[in-house]
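Text of the file my_file.cif, holding mmCIF, C-alpha atoms:
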data_data
loop_
_atom_site.label_atom_id
_atom_site.label_comp_id
_atom_site.auth_asym_id
_atom_site.auth_seq_id
_atom_site.Cartn_x
_atom_site.Cartn_y
_atom_site.Cartn_z
CA MET A 1 23.58 -70.27 -61.37
CA THR A 2 22.58 -66.69 -60.46
CA THR A 3 19.00 -65.69 -59.84
CA ASN A 4 17.71 -62.37 -61.09
CA PRO A 5 17.16 -59.93 -58.21
CA THR A 6 13.54 -58.93 -57.59
CA PRO A 7 12.88 -55.91 -59.84
CA LEU A 8 12.29 -52.59 -58.07
CA ILE A 9 9.24 -50.44 -58.87
CA VAL A 10 9.56 -46.81 -57.78
CA SER A 11 6.36 -44.85 -57.18
CA PHE A 12 6.42 -41.04 -57.19
CA GLY A 13 3.94 -38.45 -55.93
CA GLU A 14 1.60 -37.78 -53.04
CA MET A 15 0.92 -39.56 -49.79
CA LEU A 16 -1.73 -38.11 -47.51
CA ILE A 17 -4.31 -38.81 -44.84
CA ASP A 18 -7.83 -39.74 -45.95
CA PHE A 19 -10.64 -39.05 -43.50
CA VAL A 20 -13.55 -41.34 -44.35
CA PRO A 21 -17.01 -41.07 -42.68
CA ASP A 22 -17.54 -43.96 -40.28
CA VAL A 23 -20.96 -44.54 -41.84
CA ALA A 24 -21.31 -45.11 -45.59
CA GLY A 25 -23.73 -43.10 -47.69
CA VAL A 26 -23.66 -39.81 -45.76
CA SER A 27 -22.34 -36.39 -46.76
CA LEU A 28 -19.32 -34.90 -45.01
CA ALA A 29 -21.61 -32.49 -43.16
CA GLU A 30 -23.89 -35.30 -41.99
CA SER A 31 -21.07 -37.55 -40.80
CA GLY A 32 -20.77 -37.88 -37.04
CA GLY A 33 -17.23 -39.23 -37.14
CA PHE A 34 -14.36 -40.08 -39.46
CA ILE A 35 -11.91 -42.95 -39.78
CA LYS A 36 -8.32 -41.87 -40.45
CA ALA A 37 -6.60 -43.85 -43.22
CA PRO A 38 -3.37 -43.50 -45.20
CA GLY A 39 -3.98 -42.48 -48.81
CA GLY A 40 -2.48 -41.12 -52.01
CA ALA A 41 -2.58 -43.23 -55.16
CA PRO A 42 1.19 -43.54 -55.79
CA ALA A 43 1.78 -44.65 -52.18
CA ASN A 44 -1.11 -47.12 -52.42
CA VAL A 45 0.49 -48.63 -55.54
CA ALA A 46 3.84 -49.01 -53.74
CA CYS A 47 2.11 -50.86 -50.87
CA ALA A 48 0.07 -53.00 -53.28
CA ILE A 49 3.32 -54.24 -54.85
CA THR A 50 4.95 -55.27 -51.57
CA LYS A 51 1.73 -56.93 -50.35
CA LEU A 52 2.00 -59.16 -53.43
CA GLY A 53 5.62 -60.02 -52.63
CA GLY A 54 7.24 -57.44 -54.91
CA LYS A 55 9.84 -54.78 -54.20
CA SER A 56 8.87 -51.09 -54.23
CA ALA A 57 10.03 -47.66 -53.14
CA PHE A 58 8.21 -44.36 -52.71
CA ILE A 59 9.57 -40.90 -53.58
CA GLY A 60 7.67 -37.89 -52.27
CA LYS A 61 7.37 -35.37 -49.46
CA VAL A 62 5.33 -35.20 -46.27
CA GLY A 63 5.14 -32.67 -43.46
CA ASP A 64 7.47 -32.98 -40.49
CA ASP A 65 4.38 -33.55 -38.36
CA GLU A 66 2.64 -36.46 -36.66
CA PHE A 67 0.73 -37.43 -39.79
CA GLY A 68 3.84 -37.32 -41.97
CA HIS A 69 5.79 -39.58 -39.63
CA MET A 70 2.77 -41.88 -39.34
CA LEU A 71 2.64 -42.25 -43.14
CA VAL A 72 6.35 -43.08 -43.40
CA ASP A 73 5.92 -45.65 -40.61
CA ILE A 74 3.07 -47.22 -42.63
CA LEU A 75 5.30 -47.43 -45.71
CA LYS A 76 8.00 -49.14 -43.65
CA LYS A 77 5.52 -51.54 -42.01
CA ASN A 78 4.35 -52.50 -45.51
CA GLY A 79 7.91 -53.18 -46.64
CA VAL A 80 8.16 -50.13 -48.93
CA ASN A 81 11.59 -48.48 -49.22
CA SER A 82 11.10 -44.94 -47.86
CA GLU A 83 14.61 -43.57 -48.51
CA GLY A 84 13.13 -41.26 -51.14
CA VAL A 85 10.74 -39.53 -48.70
CA CYS A 86 11.59 -36.00 -47.53
CA TYR A 87 10.08 -34.07 -44.60
CA ASP A 88 9.07 -30.42 -44.94
CA PRO A 89 9.55 -28.48 -41.68
CA HIS A 90 7.15 -25.69 -42.70
CA ALA A 91 4.27 -27.34 -44.62
CA ARG A 92 1.70 -29.80 -43.35
CA THR A 93 0.97 -33.29 -44.64
CA ALA A 94 -2.01 -33.15 -47.02
CA LEU A 95 -5.47 -34.18 -45.84
CA ALA A 96 -8.47 -35.35 -47.86
CA PHE A 97 -12.02 -35.88 -46.65
CA VAL A 98 -13.53 -38.65 -48.74
CA THR A 99 -17.28 -39.22 -48.83
CA LEU A 100 -18.44 -42.74 -49.57
CA LYS A 101 -21.75 -42.51 -51.36
CA LYS A 102 -24.36 -45.28 -51.13
CA ASN A 103 -23.04 -46.92 -54.30
CA GLY A 104 -19.48 -47.07 -52.88
CA GLU A 105 -18.20 -44.26 -55.13
CA ARG A 106 -16.29 -41.33 -53.68
CA GLU A 107 -16.35 -37.56 -53.46
CA PHE A 108 -13.29 -35.62 -52.31
CA MET A 109 -12.57 -32.46 -50.32
CA PHE A 110 -8.86 -31.63 -50.06
CA TYR A 111 -6.83 -29.58 -47.58
CA ARG A 112 -3.52 -28.64 -49.19
CA ASN A 113 -2.60 -24.95 -49.35
CA PRO A 114 0.17 -25.77 -49.98
CA SER A 115 0.82 -29.19 -48.50
CA ALA A 116 4.26 -30.74 -48.21
CA ASP A 117 3.84 -33.03 -51.25
CA MET A 118 3.45 -29.96 -53.50
CA LEU A 119 6.81 -28.59 -52.33
CA LEU A 120 9.15 -31.41 -53.35
CA GLN A 121 12.14 -29.88 -55.18
CA GLU A 122 14.38 -31.31 -57.90
CA SER A 123 17.36 -31.13 -55.54
CA GLU A 124 15.53 -33.41 -53.07
CA LEU A 125 15.02 -36.28 -55.53
CA ASN A 126 16.82 -39.49 -54.54
CA MET A 127 18.26 -40.17 -57.99
CA GLY A 128 20.32 -43.15 -56.78
CA LEU A 129 17.13 -44.88 -55.68
CA LEU A 130 15.22 -43.90 -58.83
CA LYS A 131 17.90 -45.28 -61.15
CA GLN A 132 17.67 -48.75 -59.54
CA ALA A 133 14.08 -49.09 -60.79
CA LYS A 134 12.77 -51.37 -63.51
CA VAL A 135 9.53 -49.32 -63.57
CA PHE A 136 8.88 -45.69 -62.55
CA HIS A 137 5.23 -45.04 -61.71
CA TYR A 138 3.46 -41.68 -61.23
CA GLY A 139 0.14 -39.86 -61.40
CA SER A 140 -0.90 -36.34 -62.39
CA ILE A 141 -1.48 -34.59 -59.05
CA SER A 142 2.27 -33.94 -58.83
CA LEU A 143 1.98 -31.91 -62.08
CA ILE A 144 -0.41 -29.31 -60.67
CA SER A 145 1.99 -26.83 -59.07
CA GLU A 146 5.64 -25.88 -58.72
CA PRO A 147 8.14 -26.89 -57.48
CA CYS A 148 6.76 -30.45 -57.53
CA ARG A 149 5.94 -30.30 -61.24
CA SER A 150 9.59 -29.62 -62.14
CA ALA A 151 10.74 -32.39 -59.79
CA HIS A 152 8.27 -34.77 -61.48
CA LEU A 153 9.50 -33.88 -64.98
CA THR A 154 13.16 -34.20 -63.92
CA ALA A 155 12.51 -37.63 -62.39
CA MET A 156 10.71 -38.79 -65.55
CA LYS A 157 13.58 -37.59 -67.75
CA ALA A 158 16.17 -39.35 -65.59
CA ALA A 159 14.14 -42.56 -65.64
CA ARG A 160 13.71 -42.42 -69.41
CA GLU A 161 17.46 -41.83 -69.93
CA ALA A 162 18.25 -44.80 -67.66
CA GLY A 163 16.02 -47.08 -69.76
CA ILE A 164 13.38 -47.45 -67.04
CA LEU A 165 9.78 -48.16 -68.06
CA LEU A 166 7.40 -45.25 -67.37
CA SER A 167 3.96 -46.00 -65.92
CA TYR A 168 1.22 -43.33 -65.73
CA ASP A 169 -2.12 -43.47 -63.94
CA PRO A 170 -3.60 -39.97 -64.33
CA ASN A 171 -6.06 -40.32 -61.41
CA VAL A 172 -8.03 -37.20 -62.35
CA ARG A 173 -8.94 -35.12 -59.28
CA LEU A 174 -10.62 -32.03 -60.72
CA PRO A 175 -11.04 -30.11 -57.41
CA LEU A 176 -7.24 -29.82 -57.19
CA TRP A 177 -6.76 -28.17 -60.60
CA PRO A 178 -7.48 -24.49 -61.37
CA SER A 179 -9.97 -25.52 -64.09
CA SER A 180 -11.08 -28.49 -66.19
CA ASP A 181 -9.06 -27.18 -69.15
CA ALA A 182 -5.95 -26.83 -66.98
CA ALA A 183 -6.43 -30.42 -65.78
CA ARG A 184 -6.88 -31.76 -69.32
CA ASP A 185 -3.84 -29.86 -70.62
CA GLY A 186 -1.68 -30.74 -67.61
CA ILE A 187 -2.53 -34.45 -67.71
CA LYS A 188 -1.94 -34.63 -71.46
CA SER A 189 1.33 -32.65 -71.26
CA ILE A 190 3.28 -35.84 -70.36
CA TRP A 191 0.98 -38.34 -72.08
CA ASN A 192 3.36 -39.24 -74.90
CA GLU A 193 6.24 -40.12 -72.55
CA ALA A 194 4.65 -43.17 -70.89
CA ASP A 195 5.17 -46.83 -71.80
CA PHE A 196 2.09 -47.90 -69.83
CA ILE A 197 -1.11 -45.95 -69.04
CA LYS A 198 -4.21 -46.94 -67.08
CA VAL A 199 -7.41 -44.92 -67.58
CA SER A 200 -10.91 -45.29 -66.17
CA ASP A 201 -14.03 -44.72 -68.28
CA ASP A 202 -14.55 -41.36 -66.56
CA GLU A 203 -10.99 -40.34 -67.43
CA VAL A 204 -11.39 -41.41 -71.07
CA SER A 205 -14.58 -39.33 -71.22
CA PHE A 206 -12.89 -36.32 -69.57
CA LEU A 207 -9.69 -36.41 -71.64
CA THR A 208 -11.29 -37.11 -75.04
CA GLN A 209 -14.71 -35.51 -74.43
CA GLY A 210 -16.02 -38.59 -76.23
CA ASP A 211 -17.86 -41.81 -75.39
CA PRO A 212 -15.57 -44.20 -73.43
CA GLN A 213 -17.60 -47.20 -74.66
CA LYS A 214 -16.44 -46.57 -78.23
CA GLU A 215 -13.16 -48.27 -79.10
CA ASP A 216 -12.03 -45.52 -81.49
CA VAL A 217 -12.45 -42.98 -78.67
CA VAL A 218 -10.25 -45.02 -76.32
CA LEU A 219 -7.71 -45.66 -79.08
CA SER A 220 -7.42 -41.91 -79.71
CA LEU A 221 -5.37 -41.91 -76.48
CA TRP A 222 -2.82 -44.31 -77.97
CA HIS A 223 0.62 -43.02 -78.97
CA ASP A 224 3.64 -44.59 -80.69
CA ARG A 225 5.80 -45.02 -77.59
CA LEU A 226 3.01 -46.76 -75.66
CA LYS A 227 3.35 -50.49 -75.00
CA LEU A 228 0.05 -50.91 -73.13
CA LEU A 229 -3.08 -48.79 -72.61
CA VAL A 230 -5.48 -50.28 -70.07
CA SER A 231 -9.09 -49.13 -70.05
CA PHE A 232 -12.11 -50.80 -68.51
CA LYS A 233 -14.09 -51.97 -71.53
CA GLY A 234 -14.35 -55.52 -70.19
CA ARG A 235 -12.27 -57.64 -72.57
CA VAL A 236 -10.86 -59.53 -69.56
CA PRO A 237 -13.68 -60.48 -67.16
CA GLY A 238 -13.75 -59.00 -63.67
CA PHE A 239 -14.99 -60.55 -60.42
CA SER A 240 -18.28 -59.96 -58.66
CA VAL A 241 -17.84 -59.08 -54.95
CA LYS A 242 -19.77 -57.18 -52.28
CA VAL A 243 -18.46 -53.61 -52.59
CA VAL A 244 -17.87 -51.67 -49.37
CA ASP A 245 -15.42 -48.98 -50.52
CA THR A 246 -13.83 -48.48 -53.96
CA THR A 247 -10.88 -46.48 -52.54
CA GLY A 248 -7.60 -47.99 -53.71
CA ALA A 249 -9.11 -50.58 -56.06
CA GLY A 250 -7.46 -49.05 -59.12
CA ASP A 251 -4.17 -48.83 -57.22
CA ALA A 252 -4.38 -52.52 -56.26
CA PHE A 253 -4.98 -53.30 -59.95
CA VAL A 254 -2.06 -51.13 -61.11
CA GLY A 255 0.35 -52.46 -58.47
CA SER A 256 -0.43 -56.03 -59.47
CA LEU A 257 -0.04 -55.35 -63.19
CA LEU A 258 3.22 -53.42 -62.72
CA LEU A 259 4.66 -56.30 -60.71
CA SER A 260 3.78 -58.69 -63.54
CA VAL A 261 5.37 -56.33 -66.08
CA ALA A 262 8.53 -55.79 -64.00
CA LYS A 263 9.01 -59.54 -63.65
CA ASP A 264 8.49 -60.24 -67.37
CA THR A 265 8.40 -57.43 -69.93
CA SER A 266 7.53 -59.94 -72.69
CA ILE A 267 3.99 -59.59 -71.33
CA PHE A 268 3.54 -56.63 -73.72
CA GLU A 269 3.92 -58.94 -76.74
CA ASN A 270 2.27 -62.08 -75.34
CA GLU A 271 -1.53 -61.90 -75.22
CA GLU A 272 -1.95 -65.04 -73.12
CA LYS A 273 0.47 -63.80 -70.44
CA LEU A 274 -1.17 -60.36 -70.54
CA ARG A 275 -4.66 -61.81 -70.08
CA GLU A 276 -3.44 -63.85 -67.09
CA ALA A 277 -1.83 -60.77 -65.54
CA LEU A 278 -4.95 -58.66 -66.16
CA SER A 279 -7.22 -61.30 -64.64
CA PHE A 280 -4.99 -61.48 -61.54
CA ALA A 281 -4.96 -57.66 -61.35
CA ASN A 282 -8.77 -57.63 -61.64
CA ALA A 283 -8.96 -60.01 -58.68
CA CYS A 284 -6.66 -57.75 -56.65
CA GLY A 285 -8.80 -54.70 -57.45
CA ALA A 286 -12.01 -56.57 -56.59
CA ILE A 287 -10.74 -57.75 -53.20
CA CYS A 288 -9.65 -54.20 -52.34
CA THR A 289 -13.27 -53.00 -52.60
CA THR A 290 -14.51 -55.41 -49.92
CA GLN A 291 -13.02 -53.45 -46.99
CA LYS A 292 -12.82 -49.77 -45.98
CA GLY A 293 -9.61 -47.89 -46.73
CA ALA A 294 -7.00 -48.46 -49.41
CA ILE A 295 -3.80 -49.83 -47.86
CA PRO A 296 -5.50 -52.00 -45.19
CA ALA A 297 -7.66 -53.59 -47.91
CA LEU A 298 -4.82 -54.46 -50.32
CA PRO A 299 -4.75 -58.20 -51.03
CA SER A 300 -1.96 -60.76 -50.90
CA GLY A 301 -1.26 -62.97 -53.89
CA SER A 302 -2.92 -65.92 -52.17
CA ASP A 303 -6.07 -63.81 -51.59
CA ALA A 304 -6.26 -63.02 -55.32
CA LEU A 305 -5.62 -66.61 -56.39
CA ALA A 306 -8.30 -67.84 -53.97
CA LEU A 307 -10.86 -65.45 -55.48
CA MET A 308 -9.90 -66.53 -59.01
CA LYS A 309 -10.21 -70.20 -58.04
CA SER A 310 -13.58 -69.70 -56.30
CA LYS A 311 -15.05 -67.99 -59.37
CA ALA A 312 -13.61 -70.60 -61.75
CA ASN A 313 -15.46 -73.45 -60.03
#
Would you write the structure of this file as structure tokens?
Amino acid sequence: MTTNPTPLIVSFGEMLIDFVPDVAGVSLAESGGFIKAPGGAPANVACAITKLGGKSAFIGKVGDDEFGHMLVDILKKNGVNSEGVCYDPHARTALAFVTLKKNGEREFMFYRNPSADMLLQESELNMGLLKQAKVFHYGSISLISEPCRSAHLTAMKAAREAGILLSYDPNVRLPLWPSSDAARDGIKSIWNEADFIKVSDDEVSFLTQGDPQKEDVVLSLWHDRLKLLVSFKGRVPGFSVKVVDTTGAGDAFVGSLLLSVAKDTSIFENEEKLREALSFANACGAICTTQKGAIPALPSGSDALALMKSKAN
């Protein structure tokens, strides 16, 4: 009897350094010091998957500098395949200063002009690695400028032709786009390619310019190829925890859900399985908010199950 190999999930896009004030609730200017943390949503998702016992790889570009090598070391320490990471000898690894407001929400200030992640070229894509994937996951930041945009589109096309599921978490970061209209157009330019999309209420509001609490507004984002659109209208209950930092919570959720999908694609047609997977993903996202930083706060499967059990009693 042969066992199915663990399915591979390949994450594509940016990995960077987040600098977070060491005291919550202060502006960047007021902060006396900063904690350095690895960041970048696609990389967070890759780490979330391995923390839960899955198999993931990251494709992207960092600077050939101390921060770039540090980030690749973090991927390796978290069990993420880093064969798809390139180093740019001329551009720096991107930096982001992230303010944690008193309610745990974030504000961003980015340093990337241009940063190495923006300079990934089609010729640098590790197509052999990509084509081993069951799921190919990406965001929208890699669509903002060339040559990375072309590399992103080429990778998507190759994945689609190989029968790989496409997962899209737009992760709107308006300060990085030339304008709001450019962001809306750019994010929507690949919308109809994805099999799975996750959107926050703020993203629904931004993309539709409608009320995210209205079901018809959310459903206006549906398209015929889509197998699952996840928004946060609360059909599957979440978990109440003491929030310290929301950074990476959505990535923990996405990583968990993608792992469930990769293991069993019948989840798209089975509501009971889907609800179970969403509840588990909610627990993963909740736990991630209870510590500072994204990757250090990512939960294990036993952490998530323990939270689910504690709230069920």
Open item on the list: What would the selection look like, as JSON, numbers by chain, if the PyMOL selection byres ((chain A and resi 42) around 7) were run on the coordinates I just shared?
Closed with: {"A": [11, 12, 13, 14, 40, 41, 43, 44, 45, 46, 138, 139]}
Task: Between CA of Ala283 in chain A and CA of Ala304 in chain A, distance in Å (one decimal) - done: 5.3 Å
TODO: For the file shown, report as a PyMOL selection string the outcome of the PyMOL selection byres ((chain A and resi 281) around 8) at residue level.
DONE: chain A and resi 252-257+277-280+282-285
Task: Explicit residues for the PyMOL selection byres ((chain A and resi 158) around 12) (as a ChimeraX atom specification) - done: /A:122,125-133,136,151-157,159-166
Open item on the list: Considering only C-alpha atoms, can you say which of A:Ser145, A:Glu30, A:Ser266, A:Phe110 comes closest to Pro178 in chain A?
Closed with: A:Ser145
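Candidate residues A:Thr99, A:Ser180, A:Ser302, A:Ser142 were compared for distance to Ser31 in chain A, and the nearest is A:Thr99, using all atoms listed in the file.
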Open item on the list: Residues within 7 Å of Cys148 in chain A, please, as a ChimeraX atom specification. Count all atoms listed in the file; anything in the same chain fewer than 6 positions from it doesn't count.
Closed with: /A:118-121,142
Residue subset to file, keeping C-alpha atoms, as a CSV table (one decimal), in the frame of the given file:
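Done, and the output landed in out_10.csv:
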chain,number,residue,atom,x,y,z
A,118,MET,CA,3.4,-30.0,-53.5
A,119,LEU,CA,6.8,-28.6,-52.3
A,120,LEU,CA,9.2,-31.4,-53.4
A,121,GLN,CA,12.1,-29.9,-55.2
A,142,SER,CA,2.3,-33.9,-58.8
